[in-house]
Structure formats: C-alpha cells, structure tokens
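Trainee: Got upload_14.cif for you, mmCIF, C-alpha atoms:
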```cif
data_structure
loop_
_atom_site.label_atom_id
_atom_site.label_comp_id
_atom_site.auth_asym_id
_atom_site.auth_seq_id
_atom_site.Cartn_x
_atom_site.Cartn_y
_atom_site.Cartn_z
CA MET A 1 149.54 48.10 92.06
CA GLN A 2 149.76 50.69 89.33
CA ASP A 3 152.79 52.77 90.41
CA LYS A 4 155.08 53.71 93.27
CA ALA A 5 152.45 55.94 94.86
CA THR A 6 150.12 52.94 95.18
CA VAL A 7 152.96 50.84 96.62
CA LYS A 8 153.79 53.49 99.22
CA GLN A 9 150.16 53.79 100.23
CA LYS A 10 149.72 50.02 100.53
CA PHE A 11 152.76 49.59 102.77
CA ASP A 12 152.36 52.87 104.68
CA ILE A 13 155.58 54.35 103.29
CA SER A 14 156.10 58.11 103.41
CA THR A 15 155.36 59.75 100.05
CA ASP A 16 158.72 61.57 100.00
CA HIS A 17 160.72 58.40 100.73
CA LYS A 18 162.52 57.02 97.68
CA VAL A 19 161.92 53.38 96.74
CA PHE A 20 162.20 51.32 93.59
CA LEU A 21 160.49 48.19 92.34
CA ALA A 22 162.40 45.05 91.38
CA ASP A 23 161.38 41.63 90.13
CA GLU A 24 162.42 38.35 91.77
CA THR A 25 165.88 38.54 90.14
CA GLY A 26 166.55 41.93 91.71
CA THR A 27 166.23 43.75 88.39
CA GLU A 28 164.97 47.29 88.89
CA VAL A 29 161.93 48.22 86.82
CA ASP A 30 160.96 51.80 86.12
CA GLU A 31 157.40 52.79 86.94
CA ASP A 32 156.84 53.95 83.34
CA VAL A 33 156.96 50.32 82.19
CA PHE A 34 155.69 48.69 85.38
CA ALA A 35 152.08 48.47 84.19
CA ASP A 36 153.13 46.88 80.89
CA ILE A 37 155.18 44.21 82.66
CA ILE A 38 152.35 43.49 85.11
CA GLU A 39 150.08 42.86 82.13
CA GLN A 40 152.64 40.61 80.40
CA LYS A 41 153.76 38.75 83.55
CA PRO A 42 150.96 38.91 86.14
CA ASP A 43 152.53 36.18 88.32
CA THR A 44 155.83 38.03 88.88
CA LEU A 45 156.90 38.42 92.52
CA TRP A 46 157.78 42.08 93.13
CA MET A 47 160.10 43.57 95.74
CA VAL A 48 159.94 47.08 97.17
CA ILE A 49 163.51 48.21 97.86
CA ASP A 50 164.65 51.23 99.84
CA ALA A 51 166.51 53.36 97.27
CA VAL A 52 168.41 55.24 99.99
CA ALA A 53 169.92 51.96 101.14
CA VAL A 54 171.38 51.17 97.71
CA THR A 55 174.38 53.46 97.92
CA ASP A 56 177.20 50.95 97.87
CA PRO A 57 178.97 51.23 94.47
CA GLU A 58 179.22 47.45 94.13
CA GLN A 59 175.46 47.07 94.66
CA VAL A 60 174.74 49.83 92.16
CA THR A 61 177.09 48.25 89.62
CA ALA A 62 175.48 44.83 90.08
CA LYS A 63 171.95 46.22 89.68
CA MET A 64 172.95 48.16 86.58
CA LYS A 65 174.49 45.02 85.13
CA SER A 66 171.24 43.13 85.69
CA THR A 67 169.31 45.78 83.72
CA PHE A 68 171.74 45.88 80.80
CA GLN A 69 169.54 43.95 78.37
CA TYR A 70 166.57 46.15 79.17
CA ARG A 71 168.61 49.27 78.38
CA GLN A 72 169.73 47.75 75.09
CA LYS A 73 166.11 47.27 74.08
CA MET A 74 165.42 50.90 74.97
CA ILE A 75 168.36 52.11 72.89
CA GLN A 76 167.07 50.22 69.86
CA ASP A 77 163.64 51.84 70.24
CA PRO A 78 163.67 55.38 68.72
CA GLU A 79 160.86 56.48 71.01
CA LYS A 80 162.66 55.38 74.18
CA SER A 81 166.37 55.78 73.41
CA SER A 82 166.52 59.41 74.57
CA SER A 83 165.10 58.47 77.99
CA VAL A 84 167.86 56.13 79.15
CA LEU A 85 169.59 58.67 81.41
CA SER A 86 166.27 59.78 82.84
CA LEU A 87 165.28 56.22 83.71
CA PHE A 88 168.76 55.17 84.86
CA PRO A 89 170.13 58.23 86.71
CA ARG A 90 172.85 56.18 88.45
CA PHE A 91 174.97 56.84 85.35
CA LEU A 92 175.13 60.41 86.67
CA ASP A 93 176.43 59.65 90.16
CA THR A 94 178.27 56.31 89.88
CA LYS A 95 181.55 56.08 88.00
CA GLY A 96 182.34 53.16 85.71
CA LEU A 97 178.84 52.29 84.49
CA VAL A 98 179.55 53.39 80.90
CA LEU A 99 182.67 51.19 80.90
CA GLN A 100 180.69 48.26 82.27
CA ASP A 101 177.98 48.47 79.61
CA PHE A 102 180.54 48.77 76.80
CA GLU A 103 182.41 45.75 78.14
CA LEU A 104 179.15 43.78 78.23
CA LEU A 105 178.60 44.75 74.59
CA PHE A 106 182.04 43.94 73.19
CA GLY A 107 184.08 42.09 75.81
CA VAL A 108 187.17 42.95 77.85
CA GLU A 109 189.66 42.64 74.98
CA THR A 110 187.91 45.17 72.74
CA ALA A 111 187.19 47.51 75.65
CA SER A 112 190.89 47.79 76.54
CA LYS A 113 192.21 48.49 73.01
CA LEU A 114 192.78 52.26 73.23
CA LEU A 115 194.44 52.22 76.65
CA GLU A 116 196.72 49.39 75.56
CA LYS A 117 197.68 50.69 72.13
CA TRP A 118 197.94 54.46 72.45
CA ASP A 119 201.15 54.97 74.39
CA CYS A 120 203.07 52.00 73.05
CA THR A 121 202.39 52.33 69.31
CA LEU A 122 199.90 54.93 68.16
CA LYS A 123 200.78 58.20 69.89
CA GLN A 124 204.16 58.64 68.22
CA LYS A 125 202.74 57.74 64.80
CA VAL A 126 200.04 60.39 65.19
CA ILE A 127 202.60 63.03 66.18
CA GLN A 128 204.90 62.21 63.26
CA GLU A 129 202.02 62.28 60.79
CA ALA A 130 200.82 65.63 62.17
CA LYS A 131 204.28 67.12 61.57
CA ASN A 132 203.76 66.51 57.84
CA LEU A 133 200.71 68.80 57.77
CA THR A 134 200.80 72.50 56.94
CA GLN A 135 201.55 74.06 60.29
CA SER A 136 199.41 76.61 62.10
CA PRO A 137 200.05 78.15 65.55
CA LEU A 138 197.46 75.91 67.22
CA LEU A 139 198.66 72.75 65.45
CA SER A 140 202.28 73.52 66.36
CA CYS A 141 201.25 74.10 69.96
CA LEU A 142 199.45 70.74 70.13
CA ILE A 143 202.48 68.95 68.67
CA GLN A 144 204.78 70.59 71.23
CA SER A 145 202.43 69.63 74.07
CA ALA A 146 202.14 66.07 72.74
CA GLU A 147 205.93 65.82 72.79
CA ASN A 148 206.03 67.31 76.29
CA CYS A 149 207.94 70.33 75.01
CA SER A 150 205.46 72.92 76.25
CA THR A 151 205.51 74.53 79.70
CA CYS A 152 202.39 76.66 79.21
CA GLN A 153 199.55 75.98 81.66
CA GLU A 154 197.03 76.82 78.94
CA ASP A 155 198.04 73.75 76.94
CA TRP A 156 196.50 70.29 77.29
CA ASP A 157 198.61 67.41 78.64
CA ARG A 158 200.54 65.04 76.37
CA ASP A 159 197.78 62.49 75.88
CA MET A 160 194.99 64.95 75.18
CA SER A 161 197.18 66.97 72.82
CA SER A 162 198.17 63.88 70.84
CA LEU A 163 194.54 62.69 70.67
CA LEU A 164 193.39 66.09 69.42
CA LEU A 165 195.90 65.81 66.58
CA LEU A 166 193.56 63.19 65.13
CA VAL A 167 191.10 66.00 64.38
CA TYR A 168 193.77 67.63 62.19
CA LEU A 169 194.63 64.36 60.49
CA LEU A 170 190.92 63.56 59.96
CA PRO A 171 189.30 67.01 59.71
CA PRO A 172 185.59 67.81 59.39
CA PRO A 173 184.24 66.86 55.94
CA SER A 174 183.59 69.47 53.30
CA SER A 175 180.20 71.14 53.05
CA GLY A 176 179.23 69.03 50.02
CA ASN A 177 176.54 67.46 52.19
CA LYS A 178 173.67 69.97 52.39
CA LYS A 179 172.74 68.74 55.88
CA PHE A 180 176.19 69.50 57.25
CA VAL A 181 177.55 72.99 57.91
CA LYS A 182 181.30 73.18 57.34
CA ILE A 183 183.25 74.10 60.47
CA SER A 184 186.94 74.71 61.10
CA VAL A 185 189.28 72.28 62.83
CA ARG A 186 189.50 74.71 65.78
CA GLU A 187 185.71 74.55 66.16
CA ALA A 188 185.80 70.76 65.85
CA LEU A 189 188.32 70.56 68.71
CA ASP A 190 185.73 72.16 71.00
CA ARG A 191 183.37 69.32 70.12
CA VAL A 192 185.86 66.85 71.56
CA VAL A 193 186.85 68.53 74.83
CA ARG A 194 186.11 71.75 76.68
CA PHE A 195 187.89 73.20 79.68
CA HIS A 196 185.84 74.20 82.71
CA LYS A 197 187.47 76.19 85.51
CA SER A 198 186.76 74.44 88.80
CA CYS A 199 185.50 77.60 90.51
CA CYS A 200 182.67 78.11 87.98
CA SER A 201 179.23 76.50 87.94
CA PHE A 202 178.34 73.64 85.61
CA GLU A 203 175.04 75.32 84.76
CA GLU A 204 176.93 78.15 83.09
CA VAL A 205 178.84 75.98 80.65
CA LEU A 206 176.00 73.52 80.00
CA GLY A 207 173.54 76.34 79.45
CA SER A 208 175.74 77.92 76.79
CA THR A 209 176.20 74.65 74.89
CA GLN A 210 173.99 74.16 71.85
CA THR A 211 175.06 70.65 70.83
CA THR A 212 173.42 67.47 72.08
CA GLN A 213 176.44 65.40 70.98
CA PRO A 214 178.76 63.97 73.65
CA TYR A 215 181.97 65.80 74.52
CA ILE A 216 184.53 65.78 77.35
CA LEU A 217 184.24 68.43 80.05
CA ALA A 218 187.63 68.75 81.72
CA VAL A 219 187.45 70.40 85.15
CA GLY A 220 190.48 71.95 86.83
CA THR A 221 192.48 75.06 87.56
CA SER A 222 194.08 75.04 84.08
CA LYS A 223 194.19 72.80 81.02
CA SER A 224 197.43 71.28 82.27
CA SER A 225 195.98 70.69 85.75
CA ILE A 226 192.71 68.75 85.42
CA HIS A 227 191.30 66.97 88.47
CA ASP A 228 188.02 65.60 87.07
CA TYR A 229 186.61 64.58 83.70
CA TYR A 230 182.96 64.29 82.71
CA ILE A 231 181.18 63.25 79.52
CA ALA A 232 178.52 65.83 78.70
CA VAL A 233 175.52 64.32 76.93
CA ASP A 234 172.63 66.63 76.06
CA LYS A 235 172.95 68.73 79.28
CA TRP A 236 173.68 65.66 81.46
CA LEU A 237 177.09 65.10 83.07
CA ILE A 238 178.44 61.56 83.41
CA PRO A 239 181.50 61.34 85.71
CA CYS A 240 184.46 59.52 84.20
CA MET A 241 185.93 56.57 86.06
CA ALA A 242 189.59 57.58 85.81
CA LYS A 243 191.26 60.96 86.08
CA SER A 244 193.47 60.72 82.97
CA SER A 245 192.71 62.42 79.67
CA LEU A 246 193.30 59.17 77.75
CA SER A 247 190.72 57.35 79.88
CA ALA A 248 188.24 60.22 79.42
CA PHE A 249 188.70 60.02 75.65
CA ASP A 250 188.13 56.26 75.88
CA GLU A 251 184.81 56.87 77.69
CA LEU A 252 183.81 59.54 75.17
CA PHE A 253 184.04 56.99 72.37
CA LYS A 254 182.20 54.32 74.37
CA VAL A 255 179.29 56.60 75.29
CA HIS A 256 178.16 56.49 71.66
CA TYR A 257 177.62 52.73 71.83
CA VAL A 258 176.27 52.59 75.37
CA PHE A 259 173.52 55.12 74.60
CA GLY A 260 173.10 54.51 70.86
CA ILE A 261 174.30 57.98 69.83
CA SER A 262 175.51 58.64 66.29
CA TYR A 263 178.86 60.34 65.77
CA ASP A 264 179.01 64.11 65.48
CA ALA A 265 179.17 64.82 61.73
CA ALA A 266 182.24 67.01 62.21
CA LEU A 267 184.05 64.23 64.07
CA HIS A 268 182.73 61.30 62.06
CA ASN A 269 186.07 60.52 60.41
CA MET A 270 187.94 60.62 63.71
CA PHE A 271 185.49 58.36 65.55
CA THR A 272 185.29 55.96 62.59
CA PHE A 273 189.09 55.69 62.65
CA LEU A 274 189.00 54.89 66.37
CA GLN A 275 186.23 52.36 65.81
CA THR A 276 187.83 50.39 62.99
CA THR A 277 191.55 50.90 63.55
CA ILE A 278 191.86 50.86 67.33
CA TYR A 279 188.79 49.08 68.74
CA ASN A 280 188.40 46.83 65.66
CA ILE A 281 184.61 47.13 65.67
CA ASP A 282 182.72 46.28 62.45
CA VAL A 283 185.86 46.37 60.32
CA GLY A 284 184.94 45.84 56.67
CA ILE A 285 181.30 46.61 57.40
CA THR A 286 181.51 50.26 58.39
CA ARG A 287 181.67 52.74 55.54
CA GLU A 288 184.90 54.75 55.73
CA SER A 289 186.10 57.85 53.94
CA PRO A 290 189.28 57.56 51.86
CA ARG A 291 191.09 59.64 54.51
CA VAL A 292 190.27 57.11 57.21
CA GLY A 293 191.31 54.17 55.04
CA ASP A 294 194.60 55.84 54.04
CA LEU A 295 195.52 56.74 57.62
CA ARG A 296 194.75 53.26 58.89
CA ALA A 297 196.89 51.76 56.14
CA LYS A 298 199.82 54.00 57.16
CA PHE A 299 199.49 53.12 60.82
CA LEU A 300 199.08 49.38 60.38
CA ASN A 301 201.92 48.92 57.89
#
```
Let me see the structure of the file written as structure tokens.
Mentor:
Amino acid sequence: MQDKATVKQKFDISTDHKVFLADETGTEVDEDVFADIIEQKPDTLWMVIDAVAVTDPEQVTAKMKSTFQYRQKMIQDPEKSSSVLSLFPRFLDTKGLVLQDFELLFGVETASKLLEKWDCTLKQKVIQEAKNLTQSPLLSCLIQSAENCSTCQEDWDRDMSSLLLLVYLLPPPSSGNKKFVKISVREALDRVVRFHKSCCSFEEVLGSTQTTQPYILAVGTSKSSIHDYYIAVDKWLIPCMAKSSLSAFDELFKVHYVFGISYDAALHNMFTFLQTTIYNIDVGITRESPRVGDLRAKFLN
C-alpha cells in the first residue's frame, strides 16, 4: 500500500469517501509520511478508519493527543513545521486543541497562569502603570475601557483593553535593528487583535492581511459585543475554546509554542513579558530587554 488511493482500491472504497490510516495504537498517520513509516516499520498493523465517523469532539481530542509527539517532531523540523495545520486540519474545526497541546508541553499549572493571575493581581497594576505614561486619545480610551468607565460600543471590553495596555507599556522596539521596520503603537495593536463584523466574509479580512504572524480575530456586531474569537495564523483560522477576550489572548500566546512560531518583532517585548512574568517559562534563560525586566520587577515587588 503506497497511499490512500491504493487503500481505497484494495477495499473497494469510493474514491470520494474520506478515510485516514492509523497504526495499531490508533495514531493517525498522514499519507505524506506513510511510505517512510512502512519502510521503517514493515510489520506495523494498519487500520483504515472512516473519517466521517470521527466527528465526536472527545474522539478527535483523543486522536490529536495521541499524535502530539509526532507534531512536536514536525515543529522542530524547519522543512515540515509550516505544514502542521495542513496535515492536522482538525485544529481548524475543533475547539480546545491548541490548549491541549500547550498543556501537554508545560502542564496544567503553567497553562492556567494567565487566567488565574490577570483579574486578581495583574490587571490593576497594568492600568495604574499605564496612567503614568504620556497620555494620547487612544491610550486614555483604553484606560477608561479597562476601568469600565466607557459606554462606547466601539471600545473593547475591560479585559481586552487592559491587555492592550501592555503594548503601550512594552512598545515596539526602535528601528536600530536593520531587519525591523519601526511601527507605531497603534499599528502594533492591530497585530494583537482585529475586529471583524459578523456580517462580513472571512475571506475579505484574511485576504487583506499581509502578516503571517498570529493575531486574534474578534467577530461580533461591535468591539464591545463579540460572540466568537479566532486565532488567525497565516490565512488559517483556529476557533478559540472560550468566548472571553482574556481566554482568546491566552490562546494567542500559546499558539506560538504549539506551532513553533517566533514572536512578532513588534510585539516581542510584550510576549516575552507574558512568557517570563506570567507563565514563568524559561525564566533566566530567555533574553529580555531592560523594559521587560524593569516592568517585571515593578509587578513582582
């Protein structure tokens, strides 16, 4: 058997019927690597599974969990890392898979850090620190929304507004690096989250986006009334598990680790702060800018 077409022919399965191949453990194997595995493990017992039948979210989650190590090997291979979403499209129609992979990487305690810490300790510190900055109309508006003092439908909710204040506290680096084009804080905010009116097509917004870096696509009737969140990754849309802006921001951070994506240069300071100060990942190993170190020191003291 060389591929799915051969399998379908052998078992008299319609050519337009979707199936997938799995080894004796139930681990799905993509046809692109099937021949290699056959050569390495010729005695493997293979199963032909009806893909249409695997629609139960629990079954999908279990199968994705069983292929976690395989995805990690792909991510570490520069030639294969960009193909993860193509080979594992269930990320695009099953919520929670990004969260599951991140939890498998770092454990439950690390995975829950942002959701546990933000409201009880960090949000108010971020707001107070932002008040010390030179004020602009947009910054003042975000502070008001973060404090729940705004009634404008064009403003983000409290959590998203307070999270976006981190971009002001840790702005894009200067253009001293020749590979990096200096952008404004307002432009950097659009690299974190973009609003998409629910009556418009996704193709329109994805087609106009030039970046391949992950960002949140918030879908609703207004910024203050969002009913769905997605993580956009290089023209793909990954549905977020929860419907809160804080949870969407949590998934945005985690996508970088799940798919091996480097931080956007304009948001590097912000994501590094989240990584070392909130999630406590690679503290003391990761190189930080003085801004990140100073802000962490203020927040932890």
Trainee: Name the closest residue to Asp159 (chain A) among the candidates A:Ala265, A:Leu189, A:Cys199, A:Ala248; distances are taken between atoms, counting all atoms listed in the file.
Mentor: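 The shortest atom-to-atom distance to Asp159 (chain A) comes from A:Ala248.
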Trainee: Restricting the calculation to all atoms listed in the file: of A:Asn301, A:Met270, A:Glu116, A:Arg186, which residue gets closest to Glu288 (chain A)?
Mentor: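 The shortest atom-to-atom distance to Glu288 (chain A) comes from A:Met270.
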Trainee: Using all atoms listed in the file, which of A:Leu122, A:Arg296, A:Ile75, A:Phe91 sits nearest Ala232 (chain A)?
Mentor: A:Phe91
Trainee: To one decimal place, how far is CA of Asp190 (chain A) from CA of Leu164 (chain A) in Å?
Mentor: 9.9 Å
Trainee: Let me know the residues the PyMOL selection byres ((chain A and resi 162) around 12) catches in the file above, as a ChimeraX atom specification.
Mentor: /A:118-119,122-131,139-148,155-161,163-169,245-246,249
Trainee: From the set A:Asp234, A:Asp282, A:Asp250, A:Asp264, which residue has the shortest atom-to-atom contact distance to Ser83 (chain A), counting all atoms listed in the file?
Mentor: A:Asp234
Trainee: Excluding Val219 (chain A) and its own-chain neighbours fewer than 6 positions away, which residues fall within 9 Å of it when counting only C-alpha atoms? Please give them as a PDB file with C-alpha atoms, in the frame of the given file.
Mentor:
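Output (part_37.pdb):
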```
ATOM      1  CA  ARG A 194     186.110  71.750  76.680  1.00  0.00           C
ATOM      2  CA  PHE A 195     187.890  73.200  79.680  1.00  0.00           C
ATOM      3  CA  HIS A 196     185.840  74.200  82.710  1.00  0.00           C
ATOM      4  CA  LYS A 197     187.470  76.190  85.510  1.00  0.00           C
ATOM      5  CA  SER A 198     186.760  74.440  88.800  1.00  0.00           C
ATOM      6  CA  SER A 225     195.980  70.690  85.750  1.00  0.00           C
ATOM      7  CA  ILE A 226     192.710  68.750  85.420  1.00  0.00           C
ATOM      8  CA  HIS A 227     191.300  66.970  88.470  1.00  0.00           C
ATOM      9  CA  ASP A 228     188.020  65.600  87.070  1.00  0.00           C
ATOM     10  CA  TYR A 229     186.610  64.580  83.700  1.00  0.00           C
ATOM     11  CA  TYR A 230     182.960  64.290  82.710  1.00  0.00           C
TER      12      TYR A 230
END
```
